[in-house]
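Engineer: Dropping in protein_7.txt, with compact mmCIF, C-alpha atoms and all ligand atoms.
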# COMPACT_ATOMS: atom_id res chain seq x y z
CA MET A 1 44.87 -34.75 -2.77
CA SER A 2 41.28 -35.48 -3.51
CA GLN A 3 38.57 -35.40 -0.91
CA GLY A 4 37.72 -38.56 0.94
CA TYR A 5 34.37 -39.95 1.68
CA CYS A 6 32.08 -40.65 4.48
CA ARG A 7 28.57 -41.75 3.97
CA GLY A 8 25.15 -40.33 4.55
CA TRP A 9 22.64 -40.80 7.25
CA ARG A 10 19.01 -40.95 8.10
CA VAL A 11 17.43 -42.62 11.02
CA ARG A 12 16.63 -46.23 11.88
CA ILE A 13 17.46 -49.39 13.83
CA PRO A 14 20.57 -51.57 13.84
CA GLU A 15 19.76 -55.13 14.80
CA SER A 16 23.20 -56.61 14.92
CA SER A 17 26.70 -55.33 14.50
CA GLY A 18 29.75 -55.63 12.32
CA ARG A 19 30.26 -57.35 9.02
CA GLU A 20 27.92 -60.18 9.73
CA GLN A 21 24.32 -60.31 8.64
CA ALA A 22 21.95 -62.22 6.50
CA THR A 23 18.29 -62.76 5.56
CA GLY A 24 16.05 -60.32 3.75
CA TYR A 25 12.62 -58.77 3.57
CA GLN A 26 10.47 -57.69 0.68
CA THR A 27 10.59 -54.01 -0.21
CA GLY A 28 8.03 -53.43 -2.92
CA GLY A 29 6.87 -50.22 -4.57
CA HIS A 30 3.75 -50.08 -2.43
CA ARG A 31 5.79 -49.90 0.72
CA LEU A 32 8.01 -47.24 -0.78
CA GLN A 33 4.98 -45.14 -1.63
CA LYS A 34 3.86 -45.45 1.96
CA TRP A 35 7.26 -44.27 3.13
CA GLN A 36 7.13 -41.32 0.78
CA GLN A 37 3.87 -40.24 2.35
CA GLU A 38 5.09 -40.77 5.88
CA MET A 39 8.36 -38.99 5.40
CA ARG A 40 6.43 -35.75 5.29
CA GLU A 41 5.41 -36.42 8.85
CA SER A 42 8.59 -37.88 10.34
CA PRO A 43 11.95 -36.42 9.34
CA LEU A 44 14.43 -38.84 7.83
CA ASN A 45 18.03 -37.86 7.51
CA ARG A 46 20.91 -39.67 5.94
CA ASP A 47 24.56 -39.28 6.55
CA THR A 48 26.98 -40.72 4.10
CA GLY A 49 30.55 -40.26 2.92
CA VAL A 50 34.03 -41.62 3.00
CA THR A 51 35.18 -44.37 5.31
CA ASN A 52 36.36 -42.94 8.62
CA GLY A 53 34.85 -39.56 7.80
CA GLY A 54 33.05 -39.64 11.13
CA LYS A 55 29.56 -40.79 10.11
CA THR A 56 28.91 -43.07 13.04
CA THR A 57 30.41 -40.64 15.54
CA LEU A 58 28.17 -37.83 14.32
CA ALA A 59 25.02 -39.94 14.11
CA LYS A 60 25.45 -41.30 17.64
CA LYS A 61 26.05 -37.85 19.03
CA LEU A 62 22.93 -36.50 17.35
CA GLN A 63 20.92 -39.41 18.65
CA LYS A 64 22.06 -38.61 22.16
CA HIS A 65 20.83 -35.03 21.92
CA LEU A 66 17.66 -35.37 19.85
CA PRO A 67 14.48 -36.69 21.46
CA ASN A 68 12.76 -39.68 19.83
CA CYS A 69 15.74 -40.24 17.55
CA SER A 70 16.69 -43.61 16.09
CA VAL A 71 19.81 -44.55 14.14
CA ILE A 72 20.25 -47.29 11.57
CA SER A 73 23.85 -48.04 10.61
CA GLN A 74 24.54 -49.56 7.22
CA ASP A 75 27.64 -51.17 8.68
CA ASP A 76 25.33 -53.50 10.60
CA PHE A 77 24.13 -55.05 7.36
CA PHE A 78 27.29 -56.56 5.89
CA LYS A 79 26.89 -60.11 4.64
CA PRO A 80 28.99 -62.87 6.23
CA GLN A 81 32.57 -63.12 4.97
CA SER A 82 31.76 -66.40 3.19
CA GLU A 83 29.46 -64.42 0.84
CA ILE A 84 31.95 -61.66 0.03
CA GLU A 85 33.64 -61.76 -3.39
CA THR A 86 37.42 -61.64 -3.76
CA ASP A 87 39.18 -59.85 -6.64
CA THR A 88 42.20 -61.08 -8.59
CA ASN A 89 44.53 -59.47 -6.03
CA GLY A 90 42.90 -61.43 -3.25
CA PHE A 91 41.14 -58.37 -1.79
CA LEU A 92 37.75 -59.04 -0.23
CA GLN A 93 35.19 -56.81 -1.95
CA TYR A 94 33.55 -55.22 1.07
CA ASP A 95 33.11 -51.66 -0.22
CA VAL A 96 30.39 -52.47 -2.73
CA LEU A 97 26.60 -52.72 -2.48
CA GLU A 98 26.74 -56.47 -3.16
CA ALA A 99 28.54 -56.94 0.17
CA LEU A 100 25.51 -55.58 2.02
CA ASN A 101 22.16 -57.08 2.78
CA MET A 102 20.23 -54.01 1.70
CA GLU A 103 16.87 -55.78 1.79
CA LYS A 104 17.35 -56.41 5.44
CA MET A 105 18.27 -52.79 5.99
CA MET A 106 15.16 -51.67 4.10
CA SER A 107 13.04 -53.93 6.27
CA ALA A 108 14.50 -52.27 9.35
CA ILE A 109 13.57 -48.87 7.91
CA SER A 110 10.13 -50.18 7.14
CA ARG A 111 9.62 -51.35 10.70
CA TRP A 112 10.60 -47.93 11.96
CA MET A 113 8.19 -46.28 9.56
CA GLU A 114 5.39 -48.50 10.80
CA SER A 115 6.02 -47.68 14.44
CA PRO A 116 8.46 -44.78 14.78
CA ARG A 117 7.44 -43.89 18.29
CA HIS A 118 8.16 -47.38 19.56
CA SER A 119 11.52 -48.02 17.98
CA PRO A 120 13.82 -50.01 20.29
CA VAL A 121 16.72 -47.75 19.35
CA SER A 122 15.06 -44.42 20.06
CA THR A 123 16.59 -42.21 22.69
CA ASP A 124 14.61 -42.44 25.89
CA SER A 125 14.44 -38.69 26.40
CA GLY A 126 11.54 -38.27 24.00
CA SER A 127 7.89 -37.88 24.72
CA THR A 128 4.91 -38.82 22.62
CA GLU A 129 4.69 -35.17 21.56
CA GLU A 130 8.15 -35.15 20.02
CA ILE A 131 8.38 -35.86 16.30
CA PRO A 132 10.25 -39.13 15.70
CA ILE A 133 13.46 -38.79 13.69
CA LEU A 134 15.31 -41.49 11.82
CA ILE A 135 18.99 -41.12 10.95
CA ILE A 136 20.48 -43.66 8.58
CA GLU A 137 24.24 -43.59 8.36
CA GLY A 138 26.50 -45.55 6.05
CA PHE A 139 28.99 -45.40 3.21
CA LEU A 140 26.75 -46.41 0.30
CA LEU A 141 23.38 -44.81 0.79
CA PHE A 142 23.25 -42.43 -2.17
CA ASN A 143 24.14 -45.18 -4.63
CA TYR A 144 21.16 -47.34 -3.65
CA LYS A 145 18.17 -46.30 -5.75
CA PRO A 146 15.32 -47.60 -3.53
CA LEU A 147 16.38 -45.08 -0.90
CA ASP A 148 16.38 -42.07 -3.19
CA ALA A 149 12.93 -40.72 -2.42
CA LEU A 150 13.03 -41.17 1.30
CA TRP A 151 15.23 -38.49 2.72
CA ASN A 152 14.43 -35.13 4.21
CA ARG A 153 18.08 -34.20 4.48
CA SER A 154 21.17 -35.82 3.01
CA TYR A 155 24.68 -35.21 4.34
CA PHE A 156 27.98 -36.33 2.86
CA LEU A 157 31.11 -36.25 5.02
CA THR A 158 34.43 -35.80 3.26
CA ILE A 159 38.03 -36.02 4.40
CA PRO A 160 41.23 -35.91 2.33
CA TYR A 161 42.94 -39.11 1.19
CA GLU A 162 45.84 -38.78 3.64
CA GLU A 163 43.59 -38.23 6.65
CA CYS A 164 41.30 -41.03 5.56
CA LYS A 165 44.21 -43.45 5.27
CA ARG A 166 45.60 -42.34 8.62
CA ARG A 167 42.29 -42.78 10.45
CA ARG A 168 41.68 -46.11 8.77
CA SER A 169 45.08 -47.39 9.91
CA THR A 170 44.12 -46.74 13.53
CA ARG A 171 41.00 -48.90 13.30
CA VAL A 172 40.70 -52.65 13.57
CA TYR A 173 38.11 -54.09 11.23
CA GLU A 174 36.77 -57.63 11.16
CA PRO A 175 38.30 -59.10 9.10
CA PRO A 176 41.34 -56.79 9.50
CA ASP A 177 42.53 -54.77 6.50
CA VAL A 178 45.38 -56.63 4.77
CA PRO A 179 48.45 -54.72 3.48
CA GLY A 180 47.52 -52.68 0.40
CA TYR A 181 43.79 -52.97 1.05
CA PHE A 182 43.17 -49.24 1.39
CA ASP A 183 44.85 -48.31 -1.90
CA GLY A 184 43.84 -51.51 -3.67
CA HIS A 185 40.15 -51.59 -2.77
CA VAL A 186 38.81 -49.04 -0.26
CA TRP A 187 39.92 -45.80 -1.91
CA PRO A 188 39.27 -46.83 -5.54
CA MET A 189 35.74 -47.93 -4.58
CA TYR A 190 35.15 -44.63 -2.84
CA LEU A 191 36.23 -42.70 -5.94
CA LYS A 192 33.97 -44.86 -8.10
CA HIS A 193 30.96 -44.33 -5.84
CA ARG A 194 31.67 -40.64 -5.53
CA GLN A 195 31.67 -40.38 -9.32
CA GLU A 196 28.34 -42.21 -9.49
CA ILE A 197 26.56 -39.68 -7.30
CA GLU A 198 27.77 -36.65 -9.23
CA ASN A 199 24.58 -36.55 -11.31
CA ILE A 200 22.25 -36.64 -8.36
CA THR A 201 19.73 -33.83 -8.52
CA TRP A 202 18.46 -33.69 -4.95
CA GLU A 203 20.33 -31.60 -2.43
CA ILE A 204 23.36 -33.09 -0.73
CA ILE A 205 24.92 -31.10 2.10
CA TYR A 206 28.68 -31.70 2.10
CA LEU A 207 30.42 -31.61 5.47
CA ASP A 208 34.13 -31.13 6.02
CA GLY A 209 35.02 -34.15 8.17
CA THR A 210 38.29 -32.55 9.26
CA LYS A 211 36.31 -30.14 11.43
CA SER A 212 36.07 -31.04 15.10
CA GLU A 213 33.41 -33.50 16.23
CA GLU A 214 31.84 -30.65 18.20
CA ASP A 215 31.68 -28.29 15.21
CA LEU A 216 30.16 -30.93 12.97
CA PHE A 217 27.62 -31.82 15.62
CA SER A 218 26.66 -28.18 16.22
CA GLN A 219 26.12 -27.49 12.52
CA VAL A 220 23.94 -30.51 11.86
CA TYR A 221 22.10 -30.29 15.17
CA GLU A 222 21.06 -26.70 14.46
CA GLU A 223 19.90 -27.61 10.96
CA LEU A 224 17.87 -30.53 12.22
CA LYS A 225 16.30 -28.41 14.95
CA GLN A 226 15.17 -25.96 12.27
CA GLU A 227 13.81 -28.82 10.19
CA LEU A 228 11.92 -30.14 13.19
CA ALA A 229 10.46 -26.72 13.89
CA LYS A 230 9.12 -26.64 10.33
CA HIS A 231 7.54 -30.06 10.76
CA LYS A 232 5.93 -28.97 14.02
CA CYS A 233 4.38 -25.97 12.22
CA LEU A 234 3.07 -28.25 9.51
CA GLN A 235 1.56 -30.56 12.08
CA VAL A 236 -0.24 -27.66 13.75
CA THR A 237 -1.55 -26.11 10.55
CA THR A 238 -2.72 -29.25 8.76
N1 LIG A 301 35.51 -34.83 13.47
C1 LIG A 301 36.46 -35.72 13.71
N2 LIG A 301 37.75 -35.33 13.84
C2 LIG A 301 38.74 -36.24 14.06
N3 LIG A 301 38.55 -37.57 14.18
C3 LIG A 301 37.27 -38.02 14.08
C4 LIG A 301 36.17 -37.13 13.84
N4 LIG A 301 35.04 -37.87 13.78
C5 LIG A 301 35.42 -39.14 13.97
N5 LIG A 301 36.74 -39.24 14.15
C6 LIG A 301 37.52 -40.46 14.37
O1 LIG A 301 37.65 -41.09 13.10
C7 LIG A 301 37.50 -42.50 13.25
C8 LIG A 301 36.32 -42.95 12.42
O2 LIG A 301 35.12 -42.39 12.96
P1 LIG A 301 33.73 -43.07 12.64
O3 LIG A 301 33.72 -44.50 13.07
O4 LIG A 301 32.66 -42.18 13.21
O5 LIG A 301 33.75 -42.98 11.07
P2 LIG A 301 32.84 -43.71 10.00
O6 LIG A 301 32.72 -42.75 8.89
O7 LIG A 301 31.60 -44.20 10.64
O8 LIG A 301 33.80 -44.93 9.59
P3 LIG A 301 33.44 -46.35 8.91
O9 LIG A 301 33.67 -46.16 7.47
O10 LIG A 301 34.40 -47.31 9.52
O11 LIG A 301 32.02 -46.68 9.24
C9 LIG A 301 37.34 -42.77 14.75
O12 LIG A 301 38.60 -43.09 15.27
C10 LIG A 301 36.84 -41.44 15.29
O13 LIG A 301 37.22 -41.25 16.63
MG MG A 302 30.77 -46.16 10.76
Kindly return the structure encoded in the file as structure tokens.
Ligand SMILES: Nc1ncnc2c1ncn2[C@@H]1O[C@H](COP(=O)(O)OP(=O)(O)OP(=O)(O)O)[C@@H](O)[C@H]1O
Ligand SMILES: [Mg+2]
Structural biologist:
Amino acid sequence: MSQGYCRGWRVRIPESSGREQATGYQTGGHRLQKWQQEMRESPLNRDTGVTNGGKTTLAKKLQKHLPNCSVISQDDFFKPQSEIETDTNGFLQYDVLEALNMEKMMSAISRWMESPRHSPVSTDSGSTEEIPILIIEGFLLFNYKPLDALWNRSYFLTIPYEECKRRRSTRVYEPPDVPGYFDGHVWPMYLKHRQEIENITWEIIYLDGTKSEEDLFSQVYEELKQELAKHKCLQVTT
């Protein structure tokens, strides 16, 4: 069967949890330009892919082991249920960009960019000498244009349909998945979004989400350590 999805990550702050958020900030071109400059100094990574691919698990584990690392989870920016559309089958349309308060998420990224060393969600093992890292993880990061220019590294976790459905059935979402929801909304939306990113030109690193949590962590951790070493060289030579 076809590969499943997870979603990409970078780094930043979650301010609340679950499918319940609101309010927004302005995210103009000027601010984006500022981010594009700053991203050369502070690595941003994003981790995306299929639902239940292991995005949050991986991001949290990386945060635990990387100094000065912050995580922003797209899942923390779902709009309240009252604002979520319903399709003709009665399925709440959660797996679409419109279900997310992306402006609020962008404002969280912006706040991190303005003060990365003082982020409330940084690991406490860092020192002022360590380069701040932001990981943003979520299921619809590559389909949101304003984020395109921001990343240093982009990861996409995949798992097969059967494994995705199995993992999903062991989770309890709020609101809970109704019968038929996975095949009637979640998986078709994943396939649609996966199709949309096929023309992306920047590098996406695909990760096999059926590998063990430890293997996935080791691979990405090593790559990020190398990336950090490069940034440290740049900081010394410029
Ligand atoms: N490498 C792995 N191997 C097996 N199971 C895993 C692995 N990584 C995560 N899991 C399990 O899969 C489930 C989903 O993990 P996680 O919440 O990290 O996924 P997610 O991609 O963030 O999902 P969501 O779409 O709900 O945000 C959890 O039960 C977790 O324990
Ligand atoms: Mg998650």
Engineer: Taking all atoms listed in the file into account, which of A:Lys55, A:His65, A:Lys60, A:Arg194 comes nearest Lys225 (chain A)?
Structural biologist: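 That would be A:His65, the residue with the smallest distance to Lys225 (chain A).
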Engineer: Under the rule that all atoms listed in the file are counted, which of A:Val186, A:Leu216, A:Ile159, A:Leu228 is the nearest residue to Leu92 (chain A)?
Structural biologist: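 Using all atoms listed in the file, the shortest distance to Leu92 (chain A) belongs to A:Val186.
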Engineer: Could you list, as a ChimeraX atom specification, all the residues within 9 Å of ligand LIG 301 (chain A), counting all atoms listed in the file?
Structural biologist: /A:5-7,48-60,73-75,137-139,157,164,167-168,170-171,173,208-217
Engineer: Of the candidates A:Tyr221, A:Tyr94, A:Phe78, A:Trp202, which shows the shortest atom-to-atom distance to Phe182 (chain A), using all atoms listed in the file?
Structural biologist: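 Checking each candidate against Phe182 (chain A), we get A:Tyr94 as the closest.
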Engineer: In Å, rounded to a single decimal, give me how far CA of Ser169 (chain A) is from CA of Leu97 (chain A).
Structural biologist: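 Between these atoms lies a distance of 22.9 Å.
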Engineer: With all atoms listed in the file as the basis for distance, which of A:His193, A:Tyr144, A:Asp47, A:Glu162 is at the shortest distance from ligand MG 302 (chain A)?
Structural biologist: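 Looking only at the distances to ligand MG 302 (chain A), the closest residue turns out to be A:Asp47.
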Engineer: Pick from A:Ala149, A:Met106, A:Leu140, A:Ile205: nearest to ligand MG 302 (chain A), with all atoms listed in the file counted?
Structural biologist: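 Smallest separation from ligand MG 302 (chain A) among the options: A:Leu140.
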Engineer: Work out how far apart CA of Arg46 (chain A) and CA of Arg153 (chain A) are and give it in Å to one decimal.
Structural biologist: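 Going from CA of Arg46 (chain A) over to CA of Arg153 (chain A), I get 6.3 Å.
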Engineer: For Glu198 (chain A), which residue among A:Ser107, A:Ile84, A:Gln63, A:Asn143 is the nearest when counting all atoms listed in the file?
Structural biologist: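 The answer is A:Asn143, which sits nearest to Glu198 (chain A).
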Engineer: Would you mind reading off the distance between CA of Asp87 (chain A) and CA of Glu103 (chain A), one decimal, in Å?
Structural biologist: 24.2 Å
